[in-house]
file query-v3.txt (compact mmCIF, C-alpha atoms)
# COMPACT_ATOMS: atom_id res chain seq x y z
CA MET A 21 107.26 -15.01 116.41
CA LYS A 22 107.37 -11.72 118.28
CA ARG A 23 110.62 -10.80 116.54
CA LEU A 24 109.07 -11.59 113.15
CA ARG A 25 106.11 -9.31 113.81
CA TRP A 26 108.47 -6.54 114.95
CA LEU A 27 110.48 -6.91 111.74
CA LEU A 28 107.33 -6.84 109.60
CA GLY A 29 106.19 -3.64 111.31
CA LEU A 30 109.58 -2.03 110.74
CA ILE A 31 109.46 -2.93 107.04
CA LEU A 32 105.94 -1.50 106.77
CA ILE A 33 107.00 1.78 108.40
CA LEU A 34 110.04 2.10 106.12
CA ALA A 35 107.84 1.41 103.09
CA LEU A 36 105.43 4.16 104.18
CA ALA A 37 108.30 6.63 104.63
CA ALA A 38 109.69 5.74 101.21
CA ALA A 39 106.23 6.18 99.70
CA ILE A 40 106.01 9.67 101.21
CA ILE A 41 109.38 10.70 99.77
CA PHE A 42 109.52 8.89 96.39
CA ALA A 43 105.98 8.07 95.25
CA PRO A 44 104.62 9.86 92.16
CA ILE A 45 102.27 12.70 93.08
CA PRO A 46 98.66 12.32 91.91
CA SER A 47 97.50 15.02 89.54
CA MET A 48 95.00 16.33 92.09
CA LEU A 49 97.86 17.39 94.36
CA LYS A 50 100.11 19.02 91.73
CA TRP A 51 100.88 22.50 93.08
CA GLN A 52 103.69 24.89 92.24
CA SER A 53 106.03 23.45 94.89
CA ASP A 54 106.66 19.75 95.24
CA PHE A 55 107.32 19.98 98.99
CA LEU A 56 103.78 20.87 99.98
CA SER A 57 102.32 17.93 98.03
CA ARG A 58 104.64 15.57 99.91
CA ALA A 59 103.63 17.23 103.20
CA PHE A 60 99.97 16.70 102.36
CA LEU A 61 100.68 13.04 101.55
CA CYS A 62 102.45 12.58 104.91
CA LEU A 63 99.50 14.05 106.82
CA LEU A 64 97.14 11.82 104.84
CA ILE A 65 99.07 8.70 105.87
CA SER A 66 99.06 9.86 109.52
CA ALA A 67 95.29 10.29 109.35
CA ILE A 68 94.93 6.78 107.95
CA LEU A 69 96.96 5.42 110.88
CA CYS A 70 94.57 7.25 113.25
CA LEU A 71 91.57 5.75 111.46
CA TYR A 72 93.02 2.27 112.00
CA ARG A 73 92.80 2.88 115.75
CA VAL A 74 89.22 4.14 115.38
CA PHE A 75 88.20 0.91 113.63
CA ARG A 76 90.24 -1.49 115.73
CA GLY A 77 90.28 0.04 119.25
CA PRO A 78 89.15 -2.48 121.86
CA THR A 79 87.40 -0.03 124.18
CA ALA A 80 85.41 3.16 123.74
CA PRO A 81 88.06 5.53 125.22
CA ASP A 82 90.53 4.28 122.57
CA ARG A 83 88.21 5.46 119.84
CA ALA A 84 87.65 8.77 121.62
CA VAL A 85 91.43 9.35 121.85
CA ALA A 86 91.86 8.59 118.14
CA ILE A 87 89.05 10.96 117.17
CA ASP A 88 90.52 13.73 119.31
CA MET A 89 93.90 13.34 117.60
CA LEU A 90 92.21 13.28 114.18
CA GLY A 91 90.58 16.62 114.99
CA ILE A 92 93.94 18.21 115.73
CA LEU A 93 95.44 16.69 112.56
CA ILE A 94 92.70 18.27 110.45
CA VAL A 95 93.79 21.72 111.68
CA GLY A 96 97.20 20.85 110.21
CA PHE A 97 95.50 19.89 106.92
CA CYS A 98 93.80 23.29 106.78
CA ALA A 99 97.05 25.12 107.56
CA ILE A 100 98.94 23.31 104.78
CA LEU A 101 96.13 23.75 102.24
CA SER A 102 96.05 27.52 102.75
CA ILE A 103 99.62 27.98 101.39
CA PRO A 104 99.47 26.60 97.79
CA THR A 105 95.86 27.49 97.03
CA GLY A 106 96.26 31.06 98.31
CA ARG A 107 92.86 31.13 99.97
CA ASP A 108 92.76 32.70 103.44
CA TRP A 109 89.60 31.08 104.69
CA TYR A 110 91.14 27.65 105.14
CA ILE A 111 92.71 28.80 108.40
CA ASP A 112 89.29 30.06 109.53
CA ILE A 113 88.01 26.52 109.00
CA GLY A 114 90.94 25.32 111.12
CA ILE A 115 90.08 27.59 114.05
CA ALA A 116 86.41 26.59 113.93
CA TRP A 117 87.35 22.91 113.70
CA ALA A 118 89.64 23.12 116.75
CA LEU A 119 86.88 24.75 118.82
CA GLN A 120 84.28 22.24 117.69
CA SER A 121 86.56 19.28 118.36
CA PHE A 122 87.38 20.51 121.88
CA ILE A 123 83.74 20.94 122.83
CA GLY A 124 82.82 17.56 121.37
CA ILE A 125 85.60 15.74 123.19
CA MET A 126 84.69 17.35 126.52
CA ALA A 127 81.07 16.22 126.09
CA LEU A 128 82.25 12.73 125.10
CA ALA A 129 84.49 12.51 128.19
CA LYS A 130 81.59 13.49 130.45
CA TYR A 131 79.44 10.85 128.78
CA LEU A 132 82.05 8.10 129.16
CA GLU A 133 82.48 8.94 132.83
CA GLY A 134 78.83 8.17 133.36
CA LYS A 135 77.71 11.54 134.66
CA ASP A 136 75.02 13.94 133.51
CA PHE A 137 75.97 17.10 131.67
CA ASP A 138 75.16 19.54 134.46
CA GLU A 139 77.49 18.19 137.17
CA MET B 15 114.75 32.79 103.11
CA ASN B 16 111.31 32.90 104.71
CA SER B 17 110.11 29.91 102.73
CA THR B 18 113.22 27.92 103.74
CA ILE B 19 112.51 28.53 107.43
CA GLY B 20 108.88 27.60 106.80
CA MET B 21 109.84 24.35 105.11
CA ILE B 22 112.14 23.37 108.00
CA LEU B 23 109.41 24.09 110.58
CA ILE B 24 106.78 22.19 108.57
CA THR B 25 109.14 19.21 108.22
CA ILE B 26 109.70 19.08 111.99
CA GLY B 27 105.94 19.23 112.51
CA LEU B 28 105.28 16.45 110.01
CA VAL B 29 107.84 14.15 111.63
CA PHE B 30 106.24 14.68 115.03
CA ASP B 31 102.76 14.06 113.60
CA PHE B 32 103.82 10.83 111.93
CA PHE B 33 105.50 9.41 115.02
CA GLY B 34 102.59 10.47 117.20
CA CYS B 35 100.19 8.48 115.02
CA LEU B 36 102.62 5.57 115.07
CA GLY B 37 102.53 5.66 118.89
CA LEU B 38 98.74 5.72 118.70
CA ILE B 39 98.65 2.39 116.91
CA ARG B 40 101.68 0.80 118.56
CA PHE B 41 101.36 1.26 122.34
CA PRO B 42 99.55 -1.36 124.45
CA ASP B 43 97.19 0.73 126.55
CA VAL B 44 94.78 3.69 126.49
CA TYR B 45 96.94 5.75 128.84
CA ASN B 46 100.19 5.07 126.97
CA ARG B 47 98.52 5.89 123.67
CA LEU B 48 97.13 9.09 125.12
CA GLN B 49 100.43 10.30 126.47
CA ALA B 50 102.29 9.55 123.26
CA SER B 51 99.82 10.93 120.80
CA ALA B 52 98.56 14.00 122.68
CA LYS B 53 102.02 15.50 123.15
CA CYS B 54 103.39 14.57 119.73
CA ILE B 55 100.42 15.72 117.71
CA THR B 56 100.06 18.99 119.62
CA LEU B 57 103.71 19.87 118.97
CA GLY B 58 103.46 18.69 115.36
CA THR B 59 100.46 20.82 114.51
CA CYS B 60 102.04 23.79 116.28
CA GLY B 61 105.11 23.29 114.07
CA ILE B 62 102.96 23.31 110.93
CA LEU B 63 101.18 26.49 112.04
CA LEU B 64 104.51 28.20 112.83
CA GLY B 65 105.70 27.21 109.36
CA LEU B 66 102.58 28.86 107.93
CA VAL B 67 103.44 32.04 109.88
CA ALA B 68 106.96 31.93 108.43
CA PHE B 69 105.56 31.50 104.90
CA GLN B 70 103.02 34.31 105.09
CA GLY B 71 104.63 36.84 107.44
CA PHE B 72 102.47 38.93 109.77
CA THR B 73 99.50 39.28 107.47
CA ALA B 74 95.92 38.45 108.42
CA THR B 75 96.49 34.76 107.71
CA GLY B 76 99.65 34.61 109.85
CA ILE B 77 97.97 36.28 112.81
CA LYS B 78 95.02 33.92 112.53
CA ALA B 79 97.46 31.00 112.50
CA LEU B 80 99.08 32.31 115.69
CA LEU B 81 95.63 32.56 117.29
CA CYS B 82 94.90 28.97 116.29
CA LEU B 83 98.26 27.88 117.77
CA VAL B 84 97.53 29.49 121.14
CA PHE B 85 94.09 27.91 121.15
CA ILE B 86 95.46 24.43 120.42
CA ILE B 87 98.16 24.73 123.10
CA LEU B 88 95.49 25.73 125.63
CA THR B 89 92.88 23.10 124.79
CA ALA B 90 94.73 19.90 123.80
CA PRO B 91 96.12 19.08 127.29
CA VAL B 92 92.72 19.79 128.86
CA SER B 93 90.92 17.38 126.56
CA ALA B 94 93.63 14.72 127.00
CA HIS B 95 93.35 14.98 130.78
CA ALA B 96 89.57 14.75 130.68
CA LEU B 97 89.78 11.67 128.45
CA ALA B 98 92.27 9.92 130.75
CA ARG B 99 90.12 10.65 133.80
CA SER B 100 86.96 9.43 132.13
CA ALA B 101 88.72 6.28 130.89
CA TYR B 102 89.86 5.45 134.41
CA ARG B 103 86.48 6.18 135.96
CA SER B 104 84.66 4.12 133.35
CA GLY B 105 86.65 1.08 134.38
CA VAL B 106 89.40 0.62 131.78
CA LYS B 107 92.19 -1.31 133.49
CA PRO B 108 95.83 -0.25 132.97
CA TRP B 109 98.19 -2.55 131.10
CA GLU B 110 99.44 -5.52 133.17
CA GLY B 111 103.03 -4.32 132.94
CA THR B 112 102.20 -1.10 134.78
CA ILE B 113 104.49 -0.61 137.78
CA MET B 114 102.46 1.70 140.00
CA ASP B 115 99.01 3.20 140.03
CA GLU B 116 98.62 6.14 142.42
CA TYR B 117 95.20 7.22 141.28
CA GLU B 118 93.59 4.03 142.59
CA LYS B 119 94.71 4.84 146.16
CA ASP B 120 93.45 8.40 145.81
CA ILE B 121 90.03 7.25 144.65
CA LYS B 122 89.81 4.83 147.60
CA LYS B 123 90.72 7.65 150.00
CA ILE B 124 87.93 9.85 148.67
CA ARG B 125 85.24 7.19 148.87
call {"tool": "encode", "arguments": {"input": "query-v3.txt", "output": "structure tokens"}}
result
Amino acid sequence: MKRLRWLLGLILILALAAAIIFAPIPSMLKWQSDFLSRAFLCLLISAILCLYRVFRGPTAPDRAVAIDMLGILIVGFCAILSIPTGRDWYIDIGIAWALQSFIGIMALAKYLEGKDFDE
Amino acid sequence: MNSTIGMILITIGLVFDFFGCLGLIRFPDVYNRLQASAKCITLGTCGILLGLVAFQGFTATGIKALLCLVFIILTAPVSAHALARSAYRSGVKPWEGTIMDEYEKDIKKIR
């Protein structure tokens, strides 16, 4: 039974990797280079895996960890989007998002520990 | 040439991101998940930002990307450490296959 589940997970991961490399690109993501669209698709699938942990996580710190990682992934989204669209301000959004995510996670950690904010 | 180097760096970053998220859903415990995903995703996003620097050169966008990279390297370990500490203090037990737990002894010594 355990072996079967392991095999199913392996098949799922290989299917996801094949979808990243070979799937047809939706017309929303058609830019001048094919590589960046595939990169965006890969980050999108990583973010969906993070969201699974947010929905499923058995305890509150699990969800906090997943949200922290999602915040760092979104900086990667902004960095990739700034290349094909040619707009500089995406990376500004990335810097602001990293700062915001850090402050939010520190406050969340204090709250989970059960202390007040001024200790 | 520059765009080739950028593509290689972005590919390395994407691979690390993907496997970090896989560790996030696959490991049995908060602490294991934290140590897999925090390291992998920090390195992956830093790879993507370095690829952006290689694409753009040292223009305003590239320098802002370097700034963002330094900021992420400084803050991601701090937030991961704070989360692990708060998870332990709030009473989340480690996985039953854990071999040793030094922090429990330290907490008992303080109290």
call {"tool": "interface_residues", "arguments": {"input": "query-v3.txt", "of": "chain B", "to": "chain A", "cutoff": "8 Å", "atoms": "all atoms listed in the file", "output": "compact mmCIF listing (two decimals) with C-alpha atoms, in the frame of the given file"}}
result
# COMPACT_ATOMS: atom_id res chain seq x y z
CA MET B 21 109.84 24.35 105.11
CA ILE B 24 106.78 22.19 108.57
CA THR B 25 109.14 19.21 108.22
CA LEU B 28 105.28 16.45 110.01
CA ASP B 31 102.76 14.06 113.60
CA PHE B 32 103.82 10.83 111.93
CA CYS B 35 100.19 8.48 115.02
CA LEU B 36 102.62 5.57 115.07
CA LEU B 38 98.74 5.72 118.70
CA ILE B 39 98.65 2.39 116.91
CA VAL B 44 94.78 3.69 126.49
CA LEU B 48 97.13 9.09 125.12
CA SER B 51 99.82 10.93 120.80
CA ALA B 52 98.56 14.00 122.68
CA ILE B 55 100.42 15.72 117.71
CA THR B 56 100.06 18.99 119.62
CA THR B 59 100.46 20.82 114.51
CA ILE B 62 102.96 23.31 110.93
CA LEU B 63 101.18 26.49 112.04
CA LEU B 66 102.58 28.86 107.93
CA PHE B 69 105.56 31.50 104.90
CA THR B 75 96.49 34.76 107.71
CA LYS B 78 95.02 33.92 112.53
CA ALA B 79 97.46 31.00 112.50
CA CYS B 82 94.90 28.97 116.29
CA PHE B 85 94.09 27.91 121.15
CA ILE B 86 95.46 24.43 120.42
CA THR B 89 92.88 23.10 124.79
CA ALA B 90 94.73 19.90 123.80
CA SER B 93 90.92 17.38 126.56
CA ALA B 94 93.63 14.72 127.00
CA ALA B 96 89.57 14.75 130.68
CA LEU B 97 89.78 11.67 128.45
CA ARG B 99 90.12 10.65 133.80
CA SER B 100 86.96 9.43 132.13
CA ALA B 101 88.72 6.28 130.89
CA ARG B 103 86.48 6.18 135.96
CA SER B 104 84.66 4.12 133.35
CA VAL B 106 89.40 0.62 131.78
call {"tool": "closest_residue", "arguments": {"input": "query-v3.txt", "among": "B:Gly76, B:Gly105, B:Thr112, B:Thr18", "to": "Asn46 in chain B", "atoms": "all atoms listed in the file"}}
result
B:Thr112
call {"tool": "atom_distance", "arguments": {"input": "query-v3.txt", "atom1": "CA of Gly20 in chain B", "atom2": "CA of Gln70 in chain B"}}
result
9.1 Å
call {"tool": "closest_residue", "arguments": {"input": "query-v3.txt", "among": "A:Phe75, A:Gly91, A:Trp51, A:Gln120", "to": "Pro104 in chain A", "atoms": "only C-alpha atoms"}}
result
A:Trp51
call {"tool": "axis_aligned_box", "arguments": {"input": "query-v3.txt", "around": "range 36-44 of chain A", "padding_each_side": "8 Å", "output": "JSON"}}
result
{"center_x": 107.2, "center_y": 7.4, "center_z": 98.4, "size_x": 21.1, "size_y": 22.5, "size_z": 28.5}
call {"tool": "atom_distance", "arguments": {"input": "query-v3.txt", "atom1": "CA of Gln49 in chain B", "atom2": "CA of Phe33 in chain B"}}
result
12.6 Å
call {"tool": "atom_distance", "arguments": {"input": "query-v3.txt", "atom1": "CA of Gly37 in chain B", "atom2": "CA of Trp109 in chain B"}}
result
15.3 Å
call {"tool": "residues_around", "arguments": {"input": "query-v3.txt", "residues": "Asp115 in chain B", "least_positions_apart": "6", "cutoff": "12 Å", "atoms": "all atoms listed in the file", "output": "list in words"}}
result
Tyr45, Tyr102, Lys107, Pro108, Trp109 and Ile121 of chain B
call {"tool": "decode", "arguments": {"input": "query-v3.txt", "residues": "range 51-125 of chain B", "atoms": "C-alpha atoms", "output": "PDB file, in the first residue's frame"}}
result
ATOM      1  CA  SER B  51      11.427  24.769   1.892  1.00  0.00           C
ATOM      2  CA  ALA B  52      13.165  27.773   3.482  1.00  0.00           C
ATOM      3  CA  LYS B  53      16.580  26.912   2.070  1.00  0.00           C
ATOM      4  CA  CYS B  54      15.390  25.733  -1.333  1.00  0.00           C
ATOM      5  CA  ILE B  55      13.054  28.611  -2.035  1.00  0.00           C
ATOM      6  CA  THR B  56      15.532  31.249  -0.858  1.00  0.00           C
ATOM      7  CA  LEU B  57      18.200  29.900  -3.209  1.00  0.00           C
ATOM      8  CA  GLY B  58      15.679  29.479  -6.023  1.00  0.00           C
ATOM      9  CA  THR B  59      14.414  33.039  -5.876  1.00  0.00           C
ATOM     10  CA  CYS B  60      17.976  34.323  -5.618  1.00  0.00           C
ATOM     11  CA  GLY B  61      18.764  32.371  -8.800  1.00  0.00           C
ATOM     12  CA  ILE B  62      15.828  33.968 -10.607  1.00  0.00           C
ATOM     13  CA  LEU B  63      16.905  37.454  -9.499  1.00  0.00           C
ATOM     14  CA  LEU B  64      20.510  36.805 -10.609  1.00  0.00           C
ATOM     15  CA  GLY B  65      19.134  35.688 -13.966  1.00  0.00           C
ATOM     16  CA  LEU B  66      17.240  38.983 -14.190  1.00  0.00           C
ATOM     17  CA  VAL B  67      20.519  40.837 -13.496  1.00  0.00           C
ATOM     18  CA  ALA B  68      22.187  38.853 -16.291  1.00  0.00           C
ATOM     19  CA  PHE B  69      19.332  39.698 -18.677  1.00  0.00           C
ATOM     20  CA  GLN B  70      19.242  43.426 -17.963  1.00  0.00           C
ATOM     21  CA  GLY B  71      22.863  44.279 -17.114  1.00  0.00           C
ATOM     22  CA  PHE B  72      23.639  46.966 -14.549  1.00  0.00           C
ATOM     23  CA  THR B  73      20.730  49.225 -15.329  1.00  0.00           C
ATOM     24  CA  ALA B  74      18.258  50.540 -12.754  1.00  0.00           C
ATOM     25  CA  THR B  75      16.263  47.309 -12.895  1.00  0.00           C
ATOM     26  CA  GLY B  76      19.348  45.122 -12.373  1.00  0.00           C
ATOM     27  CA  ILE B  77      20.522  47.125  -9.380  1.00  0.00           C
ATOM     28  CA  LYS B  78      17.053  46.977  -7.856  1.00  0.00           C
ATOM     29  CA  ALA B  79      17.084  43.202  -8.365  1.00  0.00           C
ATOM     30  CA  LEU B  80      20.430  42.973  -6.546  1.00  0.00           C
ATOM     31  CA  LEU B  81      18.957  45.013  -3.684  1.00  0.00           C
ATOM     32  CA  CYS B  82      15.983  42.654  -3.513  1.00  0.00           C
ATOM     33  CA  LEU B  83      18.369  39.656  -3.479  1.00  0.00           C
ATOM     34  CA  VAL B  84      20.358  41.025  -0.525  1.00  0.00           C
ATOM     35  CA  PHE B  85      17.126  41.749   1.307  1.00  0.00           C
ATOM     36  CA  ILE B  86      15.782  38.224   0.770  1.00  0.00           C
ATOM     37  CA  ILE B  87      19.065  36.608   1.869  1.00  0.00           C
ATOM     38  CA  LEU B  88      18.976  38.695   5.058  1.00  0.00           C
ATOM     39  CA  THR B  89      15.334  38.185   5.989  1.00  0.00           C
ATOM     40  CA  ALA B  90      14.353  34.642   4.962  1.00  0.00           C
ATOM     41  CA  PRO B  91      16.487  32.792   7.572  1.00  0.00           C
ATOM     42  CA  VAL B  92      15.297  35.182  10.289  1.00  0.00           C
ATOM     43  CA  SER B  93      11.639  34.533   9.555  1.00  0.00           C
ATOM     44  CA  ALA B  94      12.216  30.765   9.281  1.00  0.00           C
ATOM     45  CA  HIS B  95      13.955  30.731  12.663  1.00  0.00           C
ATOM     46  CA  ALA B  96      11.187  32.753  14.278  1.00  0.00           C
ATOM     47  CA  LEU B  97       8.565  30.392  12.859  1.00  0.00           C
ATOM     48  CA  ALA B  98      10.379  27.291  14.129  1.00  0.00           C
ATOM     49  CA  ARG B  99      10.752  28.800  17.591  1.00  0.00           C
ATOM     50  CA  SER B 100       7.121  29.836  17.767  1.00  0.00           C
ATOM     51  CA  ALA B 101       5.988  26.409  16.535  1.00  0.00           C
ATOM     52  CA  TYR B 102       7.964  24.697  19.289  1.00  0.00           C
ATOM     53  CA  ARG B 103       6.790  27.087  21.984  1.00  0.00           C
ATOM     54  CA  SER B 104       3.166  26.766  20.913  1.00  0.00           C
ATOM     55  CA  GLY B 105       3.317  23.042  21.547  1.00  0.00           C
ATOM     56  CA  VAL B 106       3.713  21.351  18.156  1.00  0.00           C
ATOM     57  CA  LYS B 107       5.360  17.985  18.820  1.00  0.00           C
ATOM     58  CA  PRO B 108       8.199  16.781  16.556  1.00  0.00           C
ATOM     59  CA  TRP B 109       7.650  13.750  14.343  1.00  0.00           C
ATOM     60  CA  GLU B 110       7.824  10.410  16.207  1.00  0.00           C
ATOM     61  CA  GLY B 111      10.843   9.308  14.179  1.00  0.00           C
ATOM     62  CA  THR B 112      12.936  12.190  15.511  1.00  0.00           C
ATOM     63  CA  ILE B 113      16.184  10.927  17.043  1.00  0.00           C
ATOM     64  CA  MET B 114      17.120  13.737  19.408  1.00  0.00           C
ATOM     65  CA  ASP B 115      15.615  16.953  20.651  1.00  0.00           C
ATOM     66  CA  GLU B 116      18.114  19.290  22.323  1.00  0.00           C
ATOM     67  CA  TYR B 117      15.837  22.278  22.601  1.00  0.00           C
ATOM     68  CA  GLU B 118      13.571  20.503  25.106  1.00  0.00           C
ATOM     69  CA  LYS B 119      16.469  20.124  27.573  1.00  0.00           C
ATOM     70  CA  ASP B 120      17.425  23.764  27.105  1.00  0.00           C
ATOM     71  CA  ILE B 121      13.899  24.948  27.824  1.00  0.00           C
ATOM     72  CA  LYS B 122      13.784  22.813  30.987  1.00  0.00           C
ATOM     73  CA  LYS B 123      17.111  24.299  32.128  1.00  0.00           C
ATOM     74  CA  ILE B 124      15.800  27.841  31.742  1.00  0.00           C
ATOM     75  CA  ARG B 125      12.574  27.240  33.631  1.00  0.00           C
TER      76      ARG B 125
END
